[in-house]
file my_file-v6.pdb (PDB, N, CA and C atoms)
ATOM      1  N   MET F  12      72.276  67.807  74.869
ATOM      2  CA  MET F  12      71.864  68.074  76.249
ATOM      3  C   MET F  12      71.143  69.413  76.313
ATOM      4  N   ASN F  13      70.082  69.411  77.030
ATOM      5  CA  ASN F  13      69.381  70.682  77.198
ATOM      6  C   ASN F  13      69.827  71.348  78.492
ATOM      7  N   ALA F  14      69.354  72.562  78.724
ATOM      8  CA  ALA F  14      69.801  73.361  79.875
ATOM      9  C   ALA F  14      69.378  72.762  81.211
ATOM     10  N   ARG F  15      68.383  71.904  81.216
ATOM     11  CA  ARG F  15      67.905  71.319  82.467
ATOM     12  C   ARG F  15      68.592  69.995  82.797
ATOM     13  N   HIS F  16      69.492  69.590  81.983
ATOM     14  CA  HIS F  16      70.190  68.329  82.218
ATOM     15  C   HIS F  16      71.013  68.435  83.500
ATOM     16  N   PRO F  17      71.023  67.385  84.341
ATOM     17  CA  PRO F  17      71.749  67.456  85.625
ATOM     18  C   PRO F  17      73.243  67.727  85.472
ATOM     19  N   MET F  18      73.823  67.384  84.358
ATOM     20  CA  MET F  18      75.260  67.606  84.161
ATOM     21  C   MET F  18      75.583  69.086  83.921
ATOM     22  N   MET F  19      74.595  69.882  83.567
ATOM     23  CA  MET F  19      74.832  71.292  83.291
ATOM     24  C   MET F  19      74.942  72.126  84.561
ATOM     25  N   ARG F  20      74.348  71.672  85.639
ATOM     26  CA  ARG F  20      74.350  72.423  86.892
ATOM     27  C   ARG F  20      75.777  72.714  87.397
ATOM     28  N   PRO F  21      76.677  71.721  87.427
ATOM     29  CA  PRO F  21      78.048  72.033  87.863
ATOM     30  C   PRO F  21      78.759  73.031  86.944
ATOM     31  N   LEU F  22      78.452  72.959  85.655
ATOM     32  CA  LEU F  22      79.066  73.914  84.733
ATOM     33  C   LEU F  22      78.591  75.342  85.007
ATOM     34  N   TYR F  23      77.311  75.502  85.269
ATOM     35  CA  TYR F  23      76.781  76.826  85.602
ATOM     36  C   TYR F  23      77.373  77.335  86.909
ATOM     37  N   ALA F  24      77.449  76.459  87.909
ATOM     38  CA  ALA F  24      78.012  76.865  89.197
ATOM     39  C   ALA F  24      79.475  77.267  89.036
ATOM     40  N   THR F  25      80.222  76.512  88.255
ATOM     41  CA  THR F  25      81.630  76.841  88.009
ATOM     42  C   THR F  25      81.763  78.171  87.281
ATOM     43  N   ALA F  26      80.904  78.384  86.302
ATOM     44  CA  ALA F  26      80.951  79.654  85.560
ATOM     45  C   ALA F  26      80.642  80.834  86.463
ATOM     46  N   VAL F  27      79.672  80.686  87.354
ATOM     47  CA  VAL F  27      79.324  81.767  88.278
ATOM     48  C   VAL F  27      80.484  82.037  89.237
ATOM     49  N   LEU F  28      81.075  80.986  89.793
ATOM     50  CA  LEU F  28      82.203  81.170  90.709
ATOM     51  C   LEU F  28      83.408  81.785  90.000
ATOM     52  N   LEU F  29      83.654  81.382  88.782
ATOM     53  CA  LEU F  29      84.744  81.958  87.995
ATOM     54  C   LEU F  29      84.497  83.444  87.730
ATOM     55  N   ALA F  30      83.264  83.799  87.399
ATOM     56  CA  ALA F  30      82.919  85.204  87.159
ATOM     57  C   ALA F  30      83.099  86.033  88.426
ATOM     58  N   ILE F  31      82.695  85.490  89.563
ATOM     59  CA  ILE F  31      82.867  86.203  90.840
ATOM     60  C   ILE F  31      84.350  86.390  91.139
ATOM     61  N   GLY F  32      85.143  85.337  90.952
ATOM     62  CA  GLY F  32      86.583  85.436  91.207
ATOM     63  C   GLY F  32      87.269  86.448  90.310
ATOM     64  N   LEU F  33      86.950  86.391  89.027
ATOM     65  CA  LEU F  33      87.549  87.351  88.089
ATOM     66  C   LEU F  33      87.091  88.776  88.371
ATOM     67  N   GLY F  34      85.840  88.926  88.789
ATOM     68  CA  GLY F  34      85.350  90.257  89.160
ATOM     69  C   GLY F  34      86.087  90.807  90.368
ATOM     70  N   TRP F  35      86.344  89.956  91.344
ATOM     71  CA  TRP F  35      87.081  90.372  92.548
ATOM     72  C   TRP F  35      88.500  90.800  92.187
ATOM     73  N   ILE F  36      89.160  90.037  91.325
ATOM     74  CA  ILE F  36      90.514  90.381  90.894
ATOM     75  C   ILE F  36      90.513  91.706  90.127
ATOM     76  N   ALA F  37      89.546  91.875  89.234
ATOM     77  CA  ALA F  37      89.458  93.122  88.459
ATOM     78  C   ALA F  37      89.198  94.311  89.375
ATOM     79  N   TRP F  38      88.307  94.147  90.364
ATOM     80  CA  TRP F  38      88.031  95.237  91.296
ATOM     81  C   TRP F  38      89.302  95.587  92.069
ATOM     82  N   GLY F  39      90.045  94.587  92.540
ATOM     83  CA  GLY F  39      91.282  94.842  93.275
ATOM     84  C   GLY F  39      92.290  95.597  92.435
ATOM     85  N   TRP F  40      92.417  95.221  91.175
ATOM     86  CA  TRP F  40      93.349  95.902  90.290
ATOM     87  C   TRP F  40      92.941  97.360  90.081
ATOM     88  N   MET F  41      91.643  97.592  89.840
ATOM     89  CA  MET F  41      91.171  98.975  89.636
ATOM     90  C   MET F  41      91.310  99.789  90.924
ATOM     91  N   HIS F  42      91.052  99.165  92.074
ATOM     92  CA  HIS F  42      91.209  99.838  93.367
ATOM     93  C   HIS F  42      92.666 100.254  93.568
ATOM     94  N   ALA F  43      93.581  99.344  93.263
ATOM     95  CA  ALA F  43      95.013  99.648  93.400
ATOM     96  C   ALA F  43      95.422 100.776  92.461
ATOM     97  N   GLN F  44      94.914 100.755  91.234
ATOM     98  CA  GLN F  44      95.244 101.819  90.285
ATOM     99  C   GLN F  44      94.766 103.180  90.778
ATOM    100  N   SER F  45      93.575 103.219  91.371
ATOM    101  CA  SER F  45      93.045 104.494  91.851
ATOM    102  C   SER F  45      93.830 105.014  93.055
ATOM    103  N   LEU F  46      94.326 104.113  93.895
ATOM    104  CA  LEU F  46      95.069 104.538  95.083
ATOM    105  C   LEU F  46      96.506 104.938  94.759
ATOM    106  N   THR F  47      97.082 104.360  93.728
ATOM    107  CA  THR F  47      98.496 104.604  93.440
ATOM    108  C   THR F  47      98.729 105.463  92.209
ATOM    109  N   SER F  48      97.687 106.035  91.640
ATOM    110  CA  SER F  48      97.830 106.777  90.381
ATOM    111  C   SER F  48      98.759 107.987  90.498
ATOM    112  N   GLY F  49      98.819 108.627  91.646
ATOM    113  CA  GLY F  49      99.656 109.812  91.790
ATOM    114  C   GLY F  49     101.027 109.529  92.377
ATOM    115  N   LEU F  50     101.371 108.271  92.573
ATOM    116  CA  LEU F  50     102.639 107.910  93.198
ATOM    117  C   LEU F  50     103.646 107.433  92.167
ATOM    118  N   ASP F  51     104.925 107.713  92.433
ATOM    119  CA  ASP F  51     106.005 107.214  91.577
ATOM    120  C   ASP F  51     106.480 105.892  92.171
ATOM    121  N   LEU F  52     105.972 104.795  91.646
ATOM    122  CA  LEU F  52     106.287 103.480  92.201
ATOM    123  C   LEU F  52     107.490 102.826  91.541
ATOM    124  N   LYS F  53     108.053 103.455  90.539
ATOM    125  CA  LYS F  53     109.155 102.854  89.784
ATOM    126  C   LYS F  53     110.536 103.217  90.318
ATOM    127  N   SER F  54     110.622 104.123  91.248
ATOM    128  CA  SER F  54     111.931 104.639  91.675
ATOM    129  C   SER F  54     112.496 103.936  92.909
ATOM    130  N   GLY F  55     112.347 102.661  93.014
ATOM    131  CA  GLY F  55     112.917 101.917  94.136
ATOM    132  C   GLY F  55     112.069 102.028  95.385
ATOM    133  N   LYS F  56     112.724 101.899  96.516
ATOM    134  CA  LYS F  56     112.005 101.928  97.790
ATOM    135  C   LYS F  56     111.754 103.361  98.245
ATOM    136  N   ALA F  57     110.600 103.548  98.898
ATOM    137  CA  ALA F  57     110.217 104.878  99.369
ATOM    138  C   ALA F  57     109.433 104.727 100.668
ATOM    139  N   HIS F  58     108.954 105.850 101.177
ATOM    140  CA  HIS F  58     108.200 105.872 102.431
ATOM    141  C   HIS F  58     106.744 106.233 102.122
ATOM    142  N   TYR F  59     105.824 105.539 102.806
ATOM    143  CA  TYR F  59     104.399 105.734 102.525
ATOM    144  C   TYR F  59     103.589 105.778 103.810
ATOM    145  N   ALA F  60     102.488 106.507 103.735
ATOM    146  CA  ALA F  60     101.473 106.490 104.786
ATOM    147  C   ALA F  60     100.277 105.749 104.189
ATOM    148  N   ILE F  61      99.970 104.606 104.760
ATOM    149  CA  ILE F  61      98.897 103.761 104.250
ATOM    150  C   ILE F  61      97.724 103.850 105.216
ATOM    151  N   THR F  62      96.603 104.357 104.722
ATOM    152  CA  THR F  62      95.411 104.525 105.555
ATOM    153  C   THR F  62      94.460 103.365 105.304
ATOM    154  N   LEU F  63      94.028 102.745 106.384
ATOM    155  CA  LEU F  63      93.104 101.620 106.298
ATOM    156  C   LEU F  63      91.677 102.097 106.541
ATOM    157  N   ALA F  64      90.726 101.241 106.285
ATOM    158  CA  ALA F  64      89.318 101.580 106.481
ATOM    159  C   ALA F  64      88.936 101.577 107.958
ATOM    160  N   PHE F  65      89.829 101.078 108.800
ATOM    161  CA  PHE F  65      89.580 100.973 110.244
ATOM    162  C   PHE F  65      90.929 100.890 110.934
ATOM    163  N   ALA F  66      90.922 100.944 112.244
ATOM    164  CA  ALA F  66      92.184 100.832 112.986
ATOM    165  C   ALA F  66      92.822  99.476 112.699
ATOM    166  N   PRO F  67      94.098  99.459 112.348
ATOM    167  CA  PRO F  67      94.734  98.197 111.983
ATOM    168  C   PRO F  67      94.831  97.235 113.169
ATOM    169  N   GLU F  68      94.636  95.974 112.862
ATOM    170  CA  GLU F  68      94.773  94.913 113.850
ATOM    171  C   GLU F  68      96.095  94.201 113.589
ATOM    172  N   ALA F  69      96.410  93.226 114.404
ATOM    173  CA  ALA F  69      97.683  92.505 114.282
ATOM    174  C   ALA F  69      97.858  91.910 112.880
ATOM    175  N   PHE F  70      96.796  91.388 112.307
ATOM    176  CA  PHE F  70      96.868  90.809 110.959
ATOM    177  C   PHE F  70      97.367  91.837 109.949
ATOM    178  N   HIS F  71      96.799  93.042 109.978
ATOM    179  CA  HIS F  71      97.154  94.078 109.009
ATOM    180  C   HIS F  71      98.587  94.555 109.220
ATOM    181  N   VAL F  72      98.969  94.751 110.470
ATOM    182  CA  VAL F  72     100.327  95.208 110.765
ATOM    183  C   VAL F  72     101.337  94.152 110.329
ATOM    184  N   THR F  73     101.034  92.885 110.564
ATOM    185  CA  THR F  73     101.933  91.808 110.149
ATOM    186  C   THR F  73     102.068  91.775 108.638
ATOM    187  N   ARG F  74     100.966  91.930 107.913
ATOM    188  CA  ARG F  74     101.020  91.962 106.444
ATOM    189  C   ARG F  74     101.872  93.125 105.958
ATOM    190  N   LEU F  75     101.738  94.275 106.621
ATOM    191  CA  LEU F  75     102.511  95.447 106.210
ATOM    192  C   LEU F  75     103.980  95.316 106.598
ATOM    193  N   GLN F  76     104.266  94.688 107.728
ATOM    194  CA  GLN F  76     105.660  94.484 108.131
ATOM    195  C   GLN F  76     106.401  93.597 107.137
ATOM    196  N   ALA F  77     105.676  92.761 106.441
ATOM    197  CA  ALA F  77     106.296  91.871 105.460
ATOM    198  C   ALA F  77     106.824  92.621 104.241
ATOM    199  N   ILE F  78     106.362  93.850 104.006
ATOM    200  CA  ILE F  78     106.789  94.602 102.822
ATOM    201  C   ILE F  78     107.702  95.777 103.151
ATOM    202  N   GLY F  79     107.837  96.133 104.417
ATOM    203  CA  GLY F  79     108.682  97.267 104.789
ATOM    204  C   GLY F  79     108.705  97.464 106.287
ATOM    205  N   ARG F  80     109.296  98.565 106.696
ATOM    206  CA  ARG F  80     109.406  98.855 108.134
ATOM    207  C   ARG F  80     108.231  99.701 108.596
ATOM    208  N   VAL F  81     107.468  99.162 109.536
ATOM    209  CA  VAL F  81     106.376  99.920 110.141
ATOM    210  C   VAL F  81     106.998 100.826 111.197
ATOM    211  N   ILE F  82     106.831 102.126 111.034
ATOM    212  CA  ILE F  82     107.432 103.100 111.938
ATOM    213  C   ILE F  82     106.458 103.531 113.014
ATOM    214  N   GLU F  83     105.213 103.753 112.605
ATOM    215  CA  GLU F  83     104.215 104.265 113.547
ATOM    216  C   GLU F  83     102.819 103.911 113.039
ATOM    217  N   VAL F  84     101.919 103.685 113.986
ATOM    218  CA  VAL F  84     100.504 103.496 113.670
ATOM    219  C   VAL F  84      99.751 104.578 114.420
ATOM    220  N   LYS F  85      99.059 105.428 113.666
ATOM    221  CA  LYS F  85      98.307 106.522 114.268
ATOM    222  C   LYS F  85      96.891 106.477 113.723
ATOM    223  N   ASP F  86      95.926 106.203 114.588
ATOM    224  CA  ASP F  86      94.529 106.012 114.204
ATOM    225  C   ASP F  86      94.460 104.885 113.170
ATOM    226  N   ALA F  87      94.014 105.181 111.965
ATOM    227  CA  ALA F  87      93.891 104.147 110.930
ATOM    228  C   ALA F  87      95.023 104.209 109.909
ATOM    229  N   THR F  88      96.059 105.007 110.184
ATOM    230  CA  THR F  88      97.156 105.182 109.232
ATOM    231  C   THR F  88      98.420 104.511 109.751
ATOM    232  N   VAL F  89      99.051 103.756 108.862
ATOM    233  CA  VAL F  89     100.307 103.076 109.172
ATOM    234  C   VAL F  89     101.399 103.795 108.383
ATOM    235  N   PHE F  90     102.408 104.289 109.085
ATOM    236  CA  PHE F  90     103.524 104.988 108.458
ATOM    237  C   PHE F  90     104.657 103.990 108.256
ATOM    238  N   MET F  91     105.105 103.875 106.999
ATOM    239  CA  MET F  91     106.082 102.856 106.640
ATOM    240  C   MET F  91     107.262 103.460 105.907
ATOM    241  N   MET F  92     108.410 102.817 106.073
ATOM    242  CA  MET F  92     109.616 103.227 105.371
ATOM    243  C   MET F  92     110.175 102.040 104.589
ATOM    244  N   ASP F  93     110.924 102.353 103.536
ATOM    245  CA  ASP F  93     111.628 101.357 102.724
ATOM    246  C   ASP F  93     110.688 100.321 102.113
ATOM    247  N   VAL F  94     109.682 100.796 101.409
ATOM    248  CA  VAL F  94     108.703  99.919 100.766
ATOM    249  C   VAL F  94     108.893 100.009  99.252
ATOM    250  N   ALA F  95     108.978  98.867  98.599
ATOM    251  CA  ALA F  95     109.117  98.824  97.141
ATOM    252  C   ALA F  95     107.779  99.167  96.486
ATOM    253  N   GLY F  96     107.845  99.780  95.318
ATOM    254  CA  GLY F  96     106.635 100.178  94.608
ATOM    255  C   GLY F  96     105.721  99.011  94.271
ATOM    256  N   ALA F  97     106.306  97.882  93.880
ATOM    257  CA  ALA F  97     105.492  96.704  93.549
ATOM    258  C   ALA F  97     104.734  96.206  94.772
ATOM    259  N   ASP F  98     105.358  96.302  95.932
ATOM    260  CA  ASP F  98     104.687  95.870  97.160
ATOM    261  C   ASP F  98     103.541  96.805  97.528
ATOM    262  N   VAL F  99     103.713  98.090  97.264
ATOM    263  CA  VAL F  99     102.637  99.049  97.515
ATOM    264  C   VAL F  99     101.446  98.729  96.619
ATOM    265  N   SER F 100     101.708  98.401  95.373
ATOM    266  CA  SER F 100     100.623  98.034  94.453
ATOM    267  C   SER F 100      99.894  96.793  94.934
ATOM    268  N   ASP F 101     100.641  95.812  95.422
ATOM    269  CA  ASP F 101     100.019  94.579  95.925
ATOM    270  C   ASP F 101      99.132  94.854  97.134
ATOM    271  N   VAL F 102      99.621  95.659  98.064
ATOM    272  CA  VAL F 102      98.832  95.974  99.257
ATOM    273  C   VAL F 102      97.595  96.775  98.886
ATOM    274  N   ALA F 103      97.706  97.627  97.881
ATOM    275  CA  ALA F 103      96.586  98.481  97.486
ATOM    276  C   ALA F 103      95.411  97.692  96.914
ATOM    277  N   THR F 104      95.614  96.441  96.534
ATOM    278  CA  THR F 104      94.511  95.635  96.016
ATOM    279  C   THR F 104      93.569  95.169  97.118
ATOM    280  N   ASN F 105      93.958  95.305  98.374
ATOM    281  CA  ASN F 105      93.116  94.862  99.488
ATOM    282  C   ASN F 105      91.981  95.848  99.740
ATOM    283  N   TYR F 106      90.811  95.310 100.002
ATOM    284  CA  TYR F 106      89.634  96.158 100.220
ATOM    285  C   TYR F 106      89.760  97.022 101.461
ATOM    286  N   TRP F 107      90.614  96.638 102.404
ATOM    287  CA  TRP F 107      90.724  97.383 103.649
ATOM    288  C   TRP F 107      91.680  98.568 103.553
ATOM    289  N   VAL F 108      92.298  98.776 102.416
ATOM    290  CA  VAL F 108      93.179  99.932 102.206
ATOM    291  C   VAL F 108      92.346 101.059 101.592
ATOM    292  N   ARG F 109      92.345 102.229 102.237
ATOM    293  CA  ARG F 109      91.541 103.364 101.769
ATOM    294  C   ARG F 109      92.373 104.473 101.135
ATOM    295  N   GLY F 110      93.652 104.517 101.452
ATOM    296  CA  GLY F 110      94.470 105.575 100.879
ATOM    297  C   GLY F 110      95.948 105.285 101.031
ATOM    298  N   ILE F 111      96.735 105.753 100.072
ATOM    299  CA  ILE F 111      98.188 105.616 100.120
ATOM    300  C   ILE F 111      98.775 106.945  99.681
ATOM    301  N   ALA F 112      99.678 107.449 100.495
ATOM    302  CA  ALA F 112     100.323 108.732 100.171
ATOM    303  C   ALA F 112     101.814 108.625 100.447
ATOM    304  N   SER F 113     102.576 109.402  99.703
ATOM    305  CA  SER F 113     104.003 109.483  99.998
ATOM    306  C   SER F 113     104.203 110.122 101.355
ATOM    307  N   TRP F 114     105.248 109.734 102.025
ATOM    308  CA  TRP F 114     105.530 110.251 103.365
ATOM    309  C   TRP F 114     107.032 110.518 103.423
ATOM    310  N   PRO F 115     107.431 111.683 103.955
ATOM    311  CA  PRO F 115     108.853 112.017 103.964
ATOM    312  C   PRO F 115     109.685 111.138 104.894
ATOM    313  N   GLY F 116     109.055 110.463 105.837
ATOM    314  CA  GLY F 116     109.792 109.630 106.769
ATOM    315  C   GLY F 116     110.345 110.422 107.935
ATOM    316  N   ARG F 117     111.158 109.772 108.699
ATOM    317  CA  ARG F 117     111.762 110.419 109.859
ATOM    318  C   ARG F 117     113.241 110.546 109.700
TER
END
call {"tool": "encode", "arguments": {"input": "my_file-v6.pdb", "output": "structure tokens"}}
result
Amino acid sequence: MNARHPMMRPLYATAVLLAIGLGWIAWGWMHAQSLTSGLDLKSGKAHYAITLAFAPEAFHVTRLQAIGRVIEVKDATVFMMDVAGADVSDVATNYWVRGIASWPGR
């Protein structure tokens, strides 16, 4: 079969979609690593201030409530308590997360 054969088109499309998907996953992983590099995520649950790229909407707050207690939302930052390190890493893979910092809590 040559490259112009009609059966090759689906293979090329699948390869392109697979490359895009893997690129998105790799970008999310690198984004999470850059946001959490200075945090100690291995020591159980902790408190974090998670800054989003924009003011959080109900979708974002609901996603964050699933991993810990949302204490306060101020501008684009959500202050959370009792969040596991693995959950912080998972949230950090989202493109809408711009920063994560430790927070002493209340």
call {"tool": "atom_distance", "arguments": {"input": "my_file-v6.pdb", "atom1": "atom N of Pro67 of chain F", "atom2": "atom C of Thr88 of chain F"}}
result
7.1 Å
call {"tool": "residues_around", "arguments": {"input": "my_file-v6.pdb", "residues": "Ile78 of chain F", "least_positions_apart": "4", "cutoff": "6.5 Å", "atoms": "only N, CA and C atoms", "output": "PDB file with N, CA and C atoms, in the frame of the given file"}}
result
ATOM      1  N   ARG F  74     100.966  91.930 107.913  1.00  0.00           N
ATOM      2  CA  ARG F  74     101.020  91.962 106.444  1.00  0.00           C
ATOM      3  C   ARG F  74     101.872  93.125 105.958  1.00  0.00           C
ATOM      4  N   ASP F  93     110.924 102.353 103.536  1.00  0.00           N
ATOM      5  CA  ASP F  93     111.628 101.357 102.724  1.00  0.00           C
ATOM      6  C   ASP F  93     110.688 100.321 102.113  1.00  0.00           C
ATOM      7  N   VAL F  94     109.682 100.796 101.409  1.00  0.00           N
ATOM      8  CA  VAL F  94     108.703  99.919 100.766  1.00  0.00           C
ATOM      9  C   VAL F  94     108.893 100.009  99.252  1.00  0.00           C
ATOM     10  N   ALA F  95     108.978  98.867  98.599  1.00  0.00           N
ATOM     11  CA  ALA F  95     109.117  98.824  97.141  1.00  0.00           C
ATOM     12  C   ALA F  95     107.779  99.167  96.486  1.00  0.00           C
ATOM     13  N   ASP F  98     105.358  96.302  95.932  1.00  0.00           N
ATOM     14  CA  ASP F  98     104.687  95.870  97.160  1.00  0.00           C
ATOM     15  C   ASP F  98     103.541  96.805  97.528  1.00  0.00           C
TER      16      ASP F  98
END
call {"tool": "closest_residue", "arguments": {"input": "my_file-v6.pdb", "among": "F:Met92, F:Val108, F:Ala66, F:Val99", "to": "Leu52 of chain F", "atoms": "only C-alpha atoms"}}
result
F:Val99
call {"tool": "select_by_dssp", "arguments": {"input": "my_file-v6.pdb", "residues": "segment 23-61 of chain F", "states": "alpha helix (DSSP H)", "output": "number ranges by chain"}}
result
F: 23-47
call {"tool": "residues_around", "arguments": {"input": "my_file-v6.pdb", "residues": "Trp107 of chain F", "least_positions_apart": "6", "cutoff": "6.5 Å", "atoms": "all atoms listed in the file", "output": "MDAnalysis selection string"}}
result
chainID F and resid 62:65
call {"tool": "atom_distance", "arguments": {"input": "my_file-v6.pdb", "atom1": "atom C of Ile36 of chain F", "atom2": "atom N of Thr73 of chain F"}}
result
23.0 Å
call {"tool": "closest_residue", "arguments": {"input": "my_file-v6.pdb", "among": "F:Met41, F:Val27, F:Arg80, F:Gly96", "to": "Ser54 of chain F", "atoms": "all atoms listed in the file"}}
result
F:Gly96
call {"tool": "residues_around", "arguments": {"input": "my_file-v6.pdb", "residues": "Trp114 of chain F", "least_positions_apart": "4", "cutoff": "7 Å", "atoms": "only C-alpha atoms", "output": "list in words"}}
result
His58, Tyr59 and Ala60 of chain F
call {"tool": "atom_distance", "arguments": {"input": "my_file-v6.pdb", "atom1": "atom N of Gly39 of chain F", "atom2": "atom N of Arg109 of chain F"}}
result
12.6 Å
call {"tool": "residues_around", "arguments": {"input": "my_file-v6.pdb", "residues": "Val89 of chain F", "least_positions_apart": "2", "cutoff": "7 Å", "atoms": "only C-alpha atoms", "output": "list in words"}}
result
Ala60, Ile61, Thr62, Val81, Glu83, Val84, Lys85, Ala87 and Met91 of chain F
call {"tool": "write_last_selection", "arguments": {"input": "my_file-v6.pdb", "atoms": "N, CA and C atoms", "output": "compact mmCIF listing (two decimals), in the coordinates of the input"}}
result
# COMPACT_ATOMS: atom_id res chain seq x y z
N ALA F 60 102.49 106.51 103.74
CA ALA F 60 101.47 106.49 104.79
C ALA F 60 100.28 105.75 104.19
N ILE F 61 99.97 104.61 104.76
CA ILE F 61 98.90 103.76 104.25
C ILE F 61 97.72 103.85 105.22
N THR F 62 96.60 104.36 104.72
CA THR F 62 95.41 104.52 105.56
C THR F 62 94.46 103.36 105.30
N VAL F 81 107.47 99.16 109.54
CA VAL F 81 106.38 99.92 110.14
C VAL F 81 107.00 100.83 111.20
N GLU F 83 105.21 103.75 112.60
CA GLU F 83 104.22 104.26 113.55
C GLU F 83 102.82 103.91 113.04
N VAL F 84 101.92 103.68 113.99
CA VAL F 84 100.50 103.50 113.67
C VAL F 84 99.75 104.58 114.42
N LYS F 85 99.06 105.43 113.67
CA LYS F 85 98.31 106.52 114.27
C LYS F 85 96.89 106.48 113.72
N ALA F 87 94.01 105.18 111.96
CA ALA F 87 93.89 104.15 110.93
C ALA F 87 95.02 104.21 109.91
N MET F 91 105.10 103.88 107.00
CA MET F 91 106.08 102.86 106.64
C MET F 91 107.26 103.46 105.91
call {"tool": "closest_residue", "arguments": {"input": "my_file-v6.pdb", "among": "F:Val72, F:Ala112, F:Ala97, F:Ala103", "to": "Gly55 of chain F", "atoms": "only N, CA and C atoms"}}
result
F:Ala97
call {"tool": "resolve_selection", "arguments": {"input": "my_file-v6.pdb", "expression": "the PyMOL selection byres ((chain F and resi 43) around 7)", "output": "list in words"}}
result
Trp38, Gly39, Trp40, Met41, His42, Gln44, Ser45, Leu46, Thr47, Ser48, Ser100, Val102, Ala103, Thr104 and Asn105 of chain F
